[in-house]
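Listing of model.tsv, TSV, C-alpha atoms
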```tsv
chain	number	residue	atom	x	y	z
Z	47	MET	CA	-88.17	21.19	-59.24
Z	48	THR	CA	-85.65	23.76	-57.99
Z	49	ALA	CA	-87.35	23.90	-54.58
Z	50	GLU	CA	-87.09	20.10	-54.30
Z	51	THR	CA	-83.40	20.24	-55.23
Z	52	ALA	CA	-82.73	22.91	-52.61
Z	53	ALA	CA	-84.59	20.88	-49.97
Z	54	ILE	CA	-82.46	17.81	-50.77
Z	55	ALA	CA	-79.40	20.03	-50.18
Z	56	GLY	CA	-80.82	21.06	-46.79
Z	57	ILE	CA	-81.95	24.54	-47.83
Z	58	ASP	CA	-85.38	25.99	-47.03
Z	59	PRO	CA	-85.73	27.64	-50.42
Z	60	ALA	CA	-86.70	31.22	-51.17
Z	61	ILE	CA	-86.25	31.25	-54.94
Z	62	ALA	CA	-85.41	34.19	-57.20
Z	63	TYR	CA	-85.45	34.05	-61.01
Z	64	LEU	CA	-82.64	36.44	-61.81
Z	65	SER	CA	-82.66	38.86	-64.70
Z	66	HIS	CA	-81.29	42.21	-65.78
Z	67	ARG	CA	-84.67	43.75	-64.94
Z	68	THR	CA	-87.17	43.73	-62.09
Z	69	GLU	CA	-90.44	42.92	-63.81
Z	70	GLY	CA	-93.03	40.23	-63.32
Z	71	LYS	CA	-91.45	37.08	-61.95
Z	72	PHE	CA	-87.87	38.15	-62.72
Z	73	VAL	CA	-85.69	40.02	-60.21
Z	74	GLN	CA	-82.27	41.59	-60.13
Z	75	PHE	CA	-79.80	40.13	-57.67
Z	76	ASP	CA	-79.78	43.16	-55.35
Z	77	THR	CA	-83.59	42.95	-55.16
Z	78	ALA	CA	-83.39	39.25	-54.36
Z	79	VAL	CA	-81.02	39.61	-51.40
Z	80	ASP	CA	-81.51	43.11	-49.99
Z	81	PRO	CA	-84.83	43.81	-48.22
Z	82	GLU	CA	-84.44	47.59	-48.56
Z	83	VAL	CA	-83.91	47.39	-52.31
Z	84	ALA	CA	-86.81	44.95	-52.66
Z	85	ALA	CA	-89.08	47.32	-50.73
Z	86	ARG	CA	-88.03	50.34	-52.87
Z	87	LYS	CA	-88.79	48.37	-56.03
Z	88	GLY	CA	-92.05	46.94	-54.70
Z	89	ALA	CA	-90.75	43.39	-55.07
Z	90	VAL	CA	-93.04	41.76	-52.53
Z	91	GLY	CA	-91.70	38.48	-51.19
Z	92	HIS	CA	-88.09	39.20	-52.12
Z	93	GLY	CA	-85.09	40.55	-50.26
Z	94	HIS	CA	-84.23	37.33	-48.44
Z	95	ASP	CA	-83.91	34.89	-51.34
Z	96	ASN	CA	-81.35	32.11	-50.99
Z	97	VAL	CA	-81.73	30.05	-54.18
Z	98	PHE	CA	-81.00	31.77	-57.47
Z	99	ILE	CA	-81.99	30.70	-60.96
Z	100	PHE	CA	-79.75	32.35	-63.54
Z	101	PRO	CA	-80.27	32.76	-67.25
Z	102	VAL	CA	-78.25	29.95	-68.81
Z	103	GLU	CA	-75.76	32.35	-70.42
Z	104	ALA	CA	-74.93	33.90	-67.03
Z	105	ALA	CA	-74.95	30.87	-64.72
Z	106	ASN	CA	-71.40	29.68	-65.33
Z	107	ILE	CA	-70.01	33.19	-65.00
Z	108	ALA	CA	-71.88	33.82	-61.75
Z	109	TYR	CA	-70.92	30.60	-60.00
Z	110	LYS	CA	-67.25	31.05	-60.90
Z	111	ILE	CA	-67.26	34.62	-59.55
Z	112	VAL	CA	-68.76	33.43	-56.27
Z	113	GLN	CA	-66.37	30.48	-56.11
Z	114	ARG	CA	-63.20	32.46	-56.82
Z	115	LEU	CA	-63.87	35.81	-55.14
Z	116	GLY	CA	-66.09	34.59	-52.33
Z	117	ASN	CA	-64.11	31.41	-51.70
Z	118	ALA	CA	-67.50	29.72	-51.58
Z	119	TYR	CA	-68.38	26.06	-51.60
Z	120	HIS	CA	-70.54	25.08	-54.53
Z	121	MET	CA	-71.92	22.09	-56.37
Z	122	GLY	CA	-72.75	22.21	-59.98
Z	123	PRO	CA	-73.97	23.81	-61.98
Z	124	VAL	CA	-76.85	21.33	-61.96
Z	125	PHE	CA	-79.15	21.32	-64.96
Z	126	GLN	CA	-82.78	20.59	-64.29
Z	127	GLY	CA	-85.86	20.05	-66.39
Z	128	LEU	CA	-84.43	17.01	-68.11
Z	129	THR	CA	-85.58	13.45	-67.47
Z	130	LEU	CA	-82.81	13.18	-64.88
Z	131	PRO	CA	-80.55	15.91	-63.46
Z	132	CYS	CA	-77.04	16.31	-64.81
Z	133	SER	CA	-74.06	18.55	-64.24
Z	134	ASP	CA	-71.36	20.17	-66.32
Z	135	LEU	CA	-68.07	20.35	-64.47
Z	136	SER	CA	-65.35	22.77	-65.47
Z	137	ARG	CA	-62.00	21.47	-66.71
Z	138	GLY	CA	-60.61	23.45	-63.75
Z	139	ALA	CA	-62.64	21.43	-61.20
Z	140	ASP	CA	-60.68	19.82	-58.39
Z	141	VAL	CA	-61.27	16.34	-56.98
Z	142	ASP	CA	-63.57	17.55	-54.19
Z	143	GLU	CA	-65.77	19.45	-56.66
Z	144	ILE	CA	-66.01	16.42	-58.94
Z	145	VAL	CA	-66.84	13.97	-56.15
Z	146	ASN	CA	-69.30	16.25	-54.33
Z	147	THR	CA	-71.12	17.26	-57.50
Z	148	ALA	CA	-71.32	13.66	-58.73
Z	149	LEU	CA	-72.71	12.54	-55.36
Z	150	PHE	CA	-75.26	15.34	-55.29
Z	151	VAL	CA	-76.50	14.71	-58.84
Z	152	SER	CA	-76.69	10.98	-58.03
Z	153	MET	CA	-78.82	11.78	-54.96
Z	154	LEU	CA	-81.13	13.91	-57.09
Z	155	ALA	CA	-81.46	11.21	-59.73
Z	156	ARG	CA	-82.20	8.54	-57.15
Z	157	LYS	CA	-84.80	10.74	-55.44
Z	158	ARG	CA	-86.55	11.41	-58.76
Z	159	GLU	CA	-86.62	7.71	-59.67
Z	160	LYS	CA	-88.69	6.90	-56.58
```

Entire entry expressed as structure tokens:
Amino acid sequence: MTAETAAIAGIDPAIAYLSHRTEGKFVQFDTAVDPEVAARKGAVGHGHDNVFIFPVEAANIAYKIVQRLGNAYHMGPVFQGLTLPCSDLSRGADVDEIVNTALFVSMLARKREK
């Protein structure tokens, strides 16, 4: 489902399930994005990930850090695994964030209905 969402957004997804540990299917962020760290930790297939799945309790914190410190464009967060996708916008969201996120979630919902 996440790979489909990334593809709709125009991203060729390399997905990392983020965690505080590097075990099994979970990876730490540095392992996900840094090939040298991934190699040192034996995390085959990681080091160039571009789509990140956060534990729910960390997702909001992470996207706001990236948004504020990295001055990054974002949509979401988008919740998946429900009958249809939905989003939870911050009370601090500006008009562009609201419109872009609503359009993106609408695109996802329409795609899933087909």

_Distance criterion (all atoms listed in the file): nearest to Leu154 in chain Z out of Z:Leu135, Z:Ile111, Z:Ile99, Z:Ala53_ = Z:Ala53

*asked:* Between CA of Gln74 in chain Z and CA of Asp95 in chain Z, what distance in Å does the model show, to one decimal?
replied: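 These two atoms are separated by 11.2 Å.
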
Give, as AutoDock Vina command-line options, the centre coordinates and the x, y and z edge lengths in Å to one decimal for an axis-aligned box around all listed atoms of range 81-94 of chain Z, padded by 3 Å on each side.
```
--center_x -88.5 --center_y 43.8 --center_z -52.1 --size_x 15.1 --size_y 19.0 --size_z 13.8
```

_Show me, as a ChimeraX atom specification, the residues that have an atom within 8 Å of range 58-70 of chain Z when counting only C-alpha atoms, minus same-chain residues fewer than 3 positions from it._
/Z:49,52-53,73-75,77-78,87,89,92,94-101

*Interatomic distance, CA of Tyr109 in chain Z to CA of Val90 in chain Z (Å, one decimal)*: 25.9 Å

*Name the closest residue to Gly56 in chain Z among the candidates Z:Phe150, Z:Arg114, Z:Val83, Z:Phe125; distances are taken between atoms, counting only C-alpha atoms.*
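Closest candidate: Z:Phe150.
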
*With a distance cut-off of 8 Å and all atoms listed in the file, select the neighbouring residues of range 126-133 of chain Z, excluding the residue or stretch itself and same-chain residues fewer than 3 positions from it, and output the selection as a PyMOL selection string.*
chain Z and resi 47-48+122-123+147-148+151+154-155+158

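Taking CA of Glu82 in chain Z as the reference point, CA of Ala105 in chain Z is found at 25.1 Å.
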
*Minimum-distance residue to Ala139 in chain Z, chosen among Z:Val79, Z:Arg86, Z:Lys110, Z:Val102 (using all atoms listed in the file)*: Z:Lys110

*Have a look at Z:Gly93, Z:Val112, Z:Met153, Z:His120 and name the one nearest to Asp140 in chain Z; count only C-alpha atoms.*
Z:His120
